[in-house]
file run.pdb (PDB, C-alpha atoms and all ligand atoms)
ATOM      1  CA  MET A   1      34.448 -51.420   7.010  1.00  0.00           C
ATOM      2  CA  ARG A   2      32.623 -48.608   5.291  1.00  0.00           C
ATOM      3  CA  GLU A   3      29.570 -47.399   7.188  1.00  0.00           C
ATOM      4  CA  ARG A   4      26.945 -48.484   4.671  1.00  0.00           C
ATOM      5  CA  GLU A   5      28.217 -52.019   4.339  1.00  0.00           C
ATOM      6  CA  ARG A   6      26.242 -54.539   6.283  1.00  0.00           C
ATOM      7  CA  LEU A   7      27.712 -56.999   8.753  1.00  0.00           C
ATOM      8  CA  ILE A   8      25.545 -59.751  10.225  1.00  0.00           C
ATOM      9  CA  LYS A   9      27.349 -60.850  13.354  1.00  0.00           C
ATOM     10  CA  LEU A  10      26.109 -63.452  15.828  1.00  0.00           C
ATOM     11  CA  LYS A  11      27.894 -64.027  19.131  1.00  0.00           C
ATOM     12  CA  ASN A  12      25.427 -66.385  20.798  1.00  0.00           C
ATOM     13  CA  PRO A  13      26.610 -69.973  20.106  1.00  0.00           C
ATOM     14  CA  LYS A  14      23.026 -71.290  20.006  1.00  0.00           C
ATOM     15  CA  LEU A  15      22.031 -68.718  17.396  1.00  0.00           C
ATOM     16  CA  ARG A  16      25.207 -69.478  15.419  1.00  0.00           C
ATOM     17  CA  LYS A  17      24.272 -73.155  15.448  1.00  0.00           C
ATOM     18  CA  ILE A  18      20.724 -72.405  14.285  1.00  0.00           C
ATOM     19  CA  ARG A  19      22.099 -70.176  11.532  1.00  0.00           C
ATOM     20  CA  LEU A  20      24.500 -72.887  10.401  1.00  0.00           C
ATOM     21  CA  GLU A  21      21.720 -75.490  10.303  1.00  0.00           C
ATOM     22  CA  PHE A  22      19.539 -73.099   8.305  1.00  0.00           C
ATOM     23  CA  ARG A  23      22.389 -72.460   5.856  1.00  0.00           C
ATOM     24  CA  ARG A  24      22.989 -76.206   5.521  1.00  0.00           C
ATOM     25  CA  VAL A  25      19.313 -76.727   4.622  1.00  0.00           C
ATOM     26  CA  LEU A  26      19.492 -73.944   2.020  1.00  0.00           C
ATOM     27  CA  LEU A  27      22.762 -75.322   0.614  1.00  0.00           C
ATOM     28  CA  LYS A  28      21.259 -78.798   0.347  1.00  0.00           C
ATOM     29  CA  ASP A  29      18.167 -77.429  -1.400  1.00  0.00           C
ATOM     30  CA  TYR A  30      20.375 -75.427  -3.777  1.00  0.00           C
ATOM     31  CA  GLN A  31      22.417 -78.526  -4.652  1.00  0.00           C
ATOM     32  CA  LYS A  32      19.241 -80.581  -5.133  1.00  0.00           C
ATOM     33  CA  ARG A  33      17.724 -77.987  -7.484  1.00  0.00           C
ATOM     34  CA  LEU A  34      20.983 -77.627  -9.413  1.00  0.00           C
ATOM     35  CA  ASN A  35      21.144 -81.395  -9.757  1.00  0.00           C
ATOM     36  CA  GLU A  36      17.593 -81.424 -11.150  1.00  0.00           C
ATOM     37  CA  PHE A  37      18.658 -78.954 -13.844  1.00  0.00           C
ATOM     38  CA  HIS A  38      21.664 -81.153 -14.686  1.00  0.00           C
ATOM     39  CA  GLU A  39      19.430 -84.220 -14.928  1.00  0.00           C
ATOM     40  CA  GLU A  40      16.944 -82.379 -17.153  1.00  0.00           C
ATOM     41  CA  ARG A  41      19.780 -81.268 -19.402  1.00  0.00           C
ATOM     42  CA  ALA A  42      21.118 -84.831 -19.574  1.00  0.00           C
ATOM     43  CA  ARG A  43      17.606 -86.110 -20.475  1.00  0.00           C
ATOM     44  CA  LEU A  44      17.380 -83.576 -23.304  1.00  0.00           C
ATOM     45  CA  GLN A  45      20.865 -84.484 -24.523  1.00  0.00           C
ATOM     46  CA  ALA A  46      19.903 -88.168 -24.544  1.00  0.00           C
ATOM     47  CA  LYS A  47      16.760 -87.363 -26.566  1.00  0.00           C
ATOM     48  CA  ARG A  48      18.878 -85.356 -28.969  1.00  0.00           C
ATOM     49  CA  ALA A  49      21.418 -88.178 -29.262  1.00  0.00           C
ATOM     50  CA  ALA A  50      18.598 -90.659 -29.970  1.00  0.00           C
ATOM     51  CA  LEU A  51      17.270 -88.235 -32.622  1.00  0.00           C
ATOM     52  CA  VAL A  52      13.964 -87.889 -30.743  1.00  0.00           C
ATOM     53  CA  LEU A  53      14.579 -84.135 -30.744  1.00  0.00           C
ATOM     54  CA  SER A  54      15.720 -82.063 -33.704  1.00  0.00           C
ATOM     55  CA  TYR A  55      18.678 -79.799 -33.011  1.00  0.00           C
ATOM     56  CA  ASP A  56      16.432 -76.702 -33.082  1.00  0.00           C
ATOM     57  CA  ASN A  57      13.923 -78.250 -30.690  1.00  0.00           C
ATOM     58  CA  TYR A  58      16.768 -79.388 -28.442  1.00  0.00           C
ATOM     59  CA  LEU A  59      18.078 -75.814 -28.287  1.00  0.00           C
ATOM     60  CA  LEU A  60      14.592 -74.489 -27.576  1.00  0.00           C
ATOM     61  CA  ALA A  61      14.178 -76.957 -24.726  1.00  0.00           C
ATOM     62  CA  VAL A  62      17.666 -76.770 -23.236  1.00  0.00           C
ATOM     63  CA  ARG A  63      18.105 -72.980 -23.235  1.00  0.00           C
ATOM     64  CA  PRO A  64      15.618 -72.295 -20.391  1.00  0.00           C
ATOM     65  CA  VAL A  65      17.156 -75.128 -18.355  1.00  0.00           C
ATOM     66  CA  ILE A  66      20.651 -73.633 -18.776  1.00  0.00           C
ATOM     67  CA  ASP A  67      19.355 -70.142 -17.968  1.00  0.00           C
ATOM     68  CA  GLN A  68      17.539 -71.310 -14.828  1.00  0.00           C
ATOM     69  CA  ALA A  69      20.602 -73.191 -13.594  1.00  0.00           C
ATOM     70  CA  SER A  70      22.759 -70.141 -14.289  1.00  0.00           C
ATOM     71  CA  ASN A  71      20.360 -67.835 -12.410  1.00  0.00           C
ATOM     72  CA  LEU A  72      20.201 -70.240  -9.498  1.00  0.00           C
ATOM     73  CA  ARG A  73      24.030 -70.360  -9.282  1.00  0.00           C
ATOM     74  CA  LYS A  74      24.286 -66.576  -9.563  1.00  0.00           C
ATOM     75  CA  ASN A  75      21.609 -65.917  -6.925  1.00  0.00           C
ATOM     76  CA  PHE A  76      23.002 -68.474  -4.519  1.00  0.00           C
ATOM     77  CA  SER A  77      26.534 -67.098  -4.867  1.00  0.00           C
ATOM     78  CA  ALA A  78      25.225 -63.600  -4.139  1.00  0.00           C
ATOM     79  CA  SER A  79      23.197 -64.735  -1.110  1.00  0.00           C
ATOM     80  CA  ILE A  80      24.170 -64.405   2.543  1.00  0.00           C
ATOM     81  CA  VAL A  81      24.255 -68.202   2.800  1.00  0.00           C
ATOM     82  CA  VAL A  82      27.762 -68.535   1.330  1.00  0.00           C
ATOM     83  CA  CYS A  83      30.894 -66.420   1.106  1.00  0.00           C
ATOM     84  CA  ALA A  84      31.172 -65.472  -2.566  1.00  0.00           C
ATOM     85  CA  THR A  85      34.876 -66.293  -2.543  1.00  0.00           C
ATOM     86  CA  CYS A  86      35.605 -69.279  -0.283  1.00  0.00           C
ATOM     87  CA  ARG A  87      32.030 -70.698  -0.060  1.00  0.00           C
ATOM     88  CA  ASP A  88      32.105 -70.606   3.764  1.00  0.00           C
ATOM     89  CA  ILE A  89      28.689 -71.216   5.338  1.00  0.00           C
ATOM     90  CA  GLU A  90      29.703 -71.110   9.011  1.00  0.00           C
ATOM     91  CA  GLY A  91      30.948 -67.638   9.856  1.00  0.00           C
ATOM     92  CA  ASP A  92      29.571 -64.124  10.034  1.00  0.00           C
ATOM     93  CA  HIS A  93      29.126 -62.581   6.594  1.00  0.00           C
ATOM     94  CA  ILE A  94      29.395 -59.005   5.409  1.00  0.00           C
ATOM     95  CA  PHE A  95      27.679 -57.505   2.362  1.00  0.00           C
ATOM     96  CA  SER A  96      29.937 -55.644  -0.054  1.00  0.00           C
ATOM     97  CA  LEU A  97      28.160 -52.743  -1.692  1.00  0.00           C
ATOM     98  CA  ARG A  98      30.902 -52.618  -4.299  1.00  0.00           C
ATOM     99  CA  ASP A  99      30.585 -56.260  -5.364  1.00  0.00           C
ATOM    100  CA  LYS A 100      26.911 -56.793  -4.363  1.00  0.00           C
ATOM    101  CA  VAL A 101      27.714 -60.122  -2.697  1.00  0.00           C
ATOM    102  CA  TRP A 102      28.348 -61.455   0.816  1.00  0.00           C
ATOM    103  CA  TYR A 103      31.814 -62.396   2.046  1.00  0.00           C
ATOM    104  CA  CYS A 104      33.102 -64.038   5.193  1.00  0.00           C
ATOM    105  CA  LEU A 105      35.107 -61.609   7.300  1.00  0.00           C
ATOM    106  CA  GLU A 106      38.449 -63.144   6.309  1.00  0.00           C
ATOM    107  CA  CYS A 107      37.826 -62.864   2.563  1.00  0.00           C
ATOM    108  CA  TYR A 108      36.338 -59.405   2.980  1.00  0.00           C
ATOM    109  CA  GLU A 109      39.449 -58.168   4.773  1.00  0.00           C
ATOM    110  CA  ILE A 110      41.769 -59.611   2.116  1.00  0.00           C
ATOM    111  CA  LEU A 111      39.691 -58.139  -0.725  1.00  0.00           C
ATOM    112  CA  GLU A 112      39.452 -54.720   0.959  1.00  0.00           C
ATOM    113  CA  LYS A 113      43.226 -54.587   1.487  1.00  0.00           C
ATOM    114  CA  SER A 114      43.775 -55.580  -2.120  1.00  0.00           C
ATOM    115  CA  TYR A 115      41.242 -52.998  -3.301  1.00  0.00           C
ATOM    116  CA  MET A 116      42.884 -50.243  -1.218  1.00  0.00           C
ATOM    117  CA  LYS A 117      46.328 -51.176  -2.581  1.00  0.00           C
ATOM    118  CA  GLU A 118      44.924 -50.948  -6.100  1.00  0.00           C
ATOM    119  CA  ILE A 119      43.433 -47.508  -5.357  1.00  0.00           C
ATOM    120  CA  GLU A 120      46.779 -46.314  -3.932  1.00  0.00           C
ATOM    121  CA  ALA A 121      48.633 -47.643  -6.981  1.00  0.00           C
ATOM    122  CA  LEU A 122      46.200 -45.846  -9.300  1.00  0.00           C
ATOM    123  CA  LYS A 123      46.635 -42.605  -7.342  1.00  0.00           C
ATOM    124  CA  LYS A 124      50.405 -42.815  -7.839  1.00  0.00           C
ATOM    125  CA  LEU A 125      49.903 -43.158 -11.582  1.00  0.00           C
ATOM    126  CA  ASN A 126      47.850 -39.954 -11.781  1.00  0.00           C
TER     127      ASN A 126
HETATM  128 ZN    ZN B 201      35.359 -66.354   2.462  1.00  0.00          ZN
END
call {"tool": "encode", "arguments": {"input": "run.pdb", "output": "structure tokens"}}
result
Amino acid sequence: MRERERLIKLKNPKLRKIRLEFRRVLLKDYQKRLNEFHEERARLQAKRAALVLSYDNYLLAVRPVIDQASNLRKNFSASIVVCATCRDIEGDHIFSLRDKVWYCLECYEILEKSYMKEIEALKKLN
């Protein structure tokens, strides 16, 4: 682990449980909000299919919905709540300065090893 990378480690089982419950609440809220965007998009598609909306007006209405859903997904994936790779919500997470996302320790270790191998391979080429 490089010194500037940030590891949030909890040993106390009660605190781990509280953290997990908090992450579950945030995950549920994320899924609910994402579902609302999907429903809004489906409503707009139905209006378009019924010719209530012109194609241009459909695009004007659906674009912000798609953008908001995309931002929500991006922000949630980059949050400490989930591992950016395996989606773990239970374990300790570490922030990667290189990737600007949080990983569980297992994924972080695998990615670091892979990254170091890549660096070594590039050094041999030069
Ligand atoms: Zn992981």
call {"tool": "residues_around", "arguments": {"input": "run.pdb", "residues": "stretch 81-92 of chain A", "least_positions_apart": "3", "cutoff": "12 Å", "atoms": "all atoms listed in the file", "output": "count of residues only"}}
result
45
call {"tool": "atom_distance", "arguments": {"input": "run.pdb", "atom1": "atom CA of A:Tyr58", "atom2": "atom CA of A:Lys32"}}
result
23.5 Å
call {"tool": "resolve_selection", "arguments": {"input": "run.pdb", "expression": "the PyMOL selection byres (((chain A and resi 37-50) around 10) and not hetatm)", "output": "NGL selection string"}}
result
:A and (31-36 or 51-59 or 61-70 or 72)
call {"tool": "atom_distance", "arguments": {"input": "run.pdb", "atom1": "atom CA of A:Glu5", "atom2": "atom CA of A:Lys124"}}
result
26.9 Å
call {"tool": "atom_distance", "arguments": {"input": "run.pdb", "atom1": "atom CA of A:Ile94", "atom2": "atom CA of A:Glu120"}}
result
23.5 Å
call {"tool": "closest_residue", "arguments": {"input": "run.pdb", "among": "A:Ser114, A:Asn71, A:Asn126, A:Ser79", "to": "A:His93", "atoms": "only C-alpha atoms"}}
result
A:Ser79
call {"tool": "decode", "arguments": {"input": "run.pdb", "residues": "stretch 34-48 of chain A", "atoms": "all heavy atoms", "output": "short mmCIF file (atom, residue, chain, number, x, y, z; two decimals), in the first residue's frame"}}
result
data_model
loop_
_atom_site.label_atom_id
_atom_site.label_comp_id
_atom_site.auth_asym_id
_atom_site.auth_seq_id
_atom_site.Cartn_x
_atom_site.Cartn_y
_atom_site.Cartn_z
N LEU A 34 -32.19 4.52 -8.82
CA LEU A 34 -31.91 4.05 -10.17
C LEU A 34 -33.17 3.50 -10.83
O LEU A 34 -33.44 3.75 -12.00
CB LEU A 34 -30.82 2.96 -10.11
CG LEU A 34 -30.01 2.73 -11.36
CD1 LEU A 34 -29.34 4.00 -11.85
CD2 LEU A 34 -28.98 1.64 -11.14
N ASN A 35 -33.97 2.80 -10.03
CA ASN A 35 -35.23 2.26 -10.51
C ASN A 35 -36.18 3.38 -10.93
O ASN A 35 -36.89 3.26 -11.94
CB ASN A 35 -35.85 1.38 -9.43
CG ASN A 35 -36.82 0.39 -10.02
OD1 ASN A 35 -36.61 -0.11 -11.13
ND2 ASN A 35 -37.89 0.14 -9.30
N GLU A 36 -36.19 4.48 -10.17
CA GLU A 36 -37.04 5.62 -10.53
C GLU A 36 -36.63 6.20 -11.89
O GLU A 36 -37.49 6.57 -12.69
CB GLU A 36 -36.95 6.70 -9.44
CG GLU A 36 -37.69 6.32 -8.16
CD GLU A 36 -37.37 7.21 -6.97
OE1 GLU A 36 -36.54 8.15 -7.11
OE2 GLU A 36 -37.93 6.94 -5.89
N PHE A 37 -35.33 6.25 -12.14
CA PHE A 37 -34.87 6.74 -13.45
C PHE A 37 -35.32 5.79 -14.57
O PHE A 37 -35.74 6.23 -15.63
CB PHE A 37 -33.35 6.89 -13.48
CG PHE A 37 -32.84 8.07 -12.68
CD1 PHE A 37 -31.85 7.90 -11.73
CD2 PHE A 37 -33.36 9.34 -12.88
CE1 PHE A 37 -31.37 8.98 -10.99
CE2 PHE A 37 -32.89 10.43 -12.15
CZ PHE A 37 -31.90 10.25 -11.20
N HIS A 38 -35.23 4.48 -14.30
CA HIS A 38 -35.66 3.50 -15.30
C HIS A 38 -37.16 3.64 -15.58
O HIS A 38 -37.60 3.57 -16.73
CB HIS A 38 -35.34 2.08 -14.84
CG HIS A 38 -33.89 1.75 -14.87
ND1 HIS A 38 -33.11 1.89 -16.00
CD2 HIS A 38 -33.05 1.30 -13.92
CE1 HIS A 38 -31.87 1.54 -15.73
NE2 HIS A 38 -31.80 1.18 -14.46
N GLU A 39 -37.94 3.83 -14.52
CA GLU A 39 -39.38 3.98 -14.69
C GLU A 39 -39.71 5.26 -15.47
O GLU A 39 -40.60 5.25 -16.33
CB GLU A 39 -40.08 3.99 -13.32
CG GLU A 39 -40.13 2.63 -12.68
CD GLU A 39 -40.62 2.65 -11.24
OE1 GLU A 39 -40.98 3.73 -10.73
OE2 GLU A 39 -40.61 1.57 -10.62
N GLU A 40 -39.01 6.34 -15.17
CA GLU A 40 -39.23 7.60 -15.88
C GLU A 40 -38.90 7.44 -17.37
O GLU A 40 -39.63 7.90 -18.24
CB GLU A 40 -38.37 8.72 -15.26
CG GLU A 40 -38.50 10.07 -15.94
CD GLU A 40 -39.92 10.63 -15.94
OE1 GLU A 40 -40.77 10.19 -15.15
OE2 GLU A 40 -40.19 11.52 -16.78
N ARG A 41 -37.81 6.74 -17.62
CA ARG A 41 -37.42 6.48 -19.01
C ARG A 41 -38.48 5.63 -19.74
O ARG A 41 -38.83 5.91 -20.89
CB ARG A 41 -36.06 5.78 -19.03
CG ARG A 41 -35.46 5.71 -20.40
CD ARG A 41 -34.06 5.17 -20.34
NE ARG A 41 -33.56 5.00 -21.70
CZ ARG A 41 -32.38 4.55 -21.99
NH1 ARG A 41 -31.54 4.22 -21.03
NH2 ARG A 41 -31.99 4.42 -23.23
N ALA A 42 -38.98 4.62 -19.03
CA ALA A 42 -40.02 3.77 -19.62
C ALA A 42 -41.29 4.57 -19.90
O ALA A 42 -41.95 4.37 -20.93
CB ALA A 42 -40.32 2.59 -18.69
N ARG A 43 -41.65 5.49 -18.97
CA ARG A 43 -42.83 6.35 -19.18
C ARG A 43 -42.66 7.21 -20.44
O ARG A 43 -43.57 7.34 -21.24
CB ARG A 43 -43.03 7.27 -17.97
CG ARG A 43 -44.03 6.75 -16.95
CD ARG A 43 -44.44 7.84 -15.94
NE ARG A 43 -43.30 8.33 -15.17
CZ ARG A 43 -42.85 7.74 -14.06
NH1 ARG A 43 -43.44 6.67 -13.60
NH2 ARG A 43 -41.82 8.25 -13.42
N LEU A 44 -41.46 7.78 -20.58
CA LEU A 44 -41.19 8.62 -21.76
C LEU A 44 -41.21 7.79 -23.05
O LEU A 44 -41.73 8.23 -24.07
CB LEU A 44 -39.84 9.34 -21.60
CG LEU A 44 -39.80 10.41 -20.51
CD1 LEU A 44 -38.37 10.88 -20.25
CD2 LEU A 44 -40.68 11.60 -20.90
N GLN A 45 -40.68 6.57 -22.97
CA GLN A 45 -40.70 5.70 -24.15
C GLN A 45 -42.13 5.32 -24.53
O GLN A 45 -42.47 5.25 -25.72
CB GLN A 45 -39.87 4.43 -23.89
CG GLN A 45 -38.37 4.71 -23.93
CD GLN A 45 -37.53 3.54 -23.44
OE1 GLN A 45 -38.00 2.71 -22.67
NE2 GLN A 45 -36.28 3.50 -23.87
N ALA A 46 -42.97 5.11 -23.51
CA ALA A 46 -44.38 4.78 -23.78
C ALA A 46 -45.08 5.96 -24.43
O ALA A 46 -45.88 5.79 -25.37
CB ALA A 46 -45.07 4.37 -22.48
N LYS A 47 -44.79 7.18 -23.94
CA LYS A 47 -45.38 8.39 -24.54
C LYS A 47 -44.92 8.55 -25.98
O LYS A 47 -45.69 8.93 -26.85
CB LYS A 47 -44.98 9.63 -23.74
CG LYS A 47 -45.77 9.85 -22.49
CD LYS A 47 -45.35 11.17 -21.85
CE LYS A 47 -46.16 11.50 -20.64
NZ LYS A 47 -45.75 12.78 -20.05
N ARG A 48 -43.66 8.24 -26.20
CA ARG A 48 -43.12 8.33 -27.57
C ARG A 48 -43.80 7.30 -28.46
O ARG A 48 -44.20 7.62 -29.59
CB ARG A 48 -41.59 8.12 -27.53
CG ARG A 48 -40.94 8.02 -28.89
CD ARG A 48 -41.03 9.33 -29.66
NE ARG A 48 -40.66 9.09 -31.05
CZ ARG A 48 -41.36 9.52 -32.09
NH1 ARG A 48 -42.44 10.26 -31.91
NH2 ARG A 48 -40.97 9.26 -33.32
#
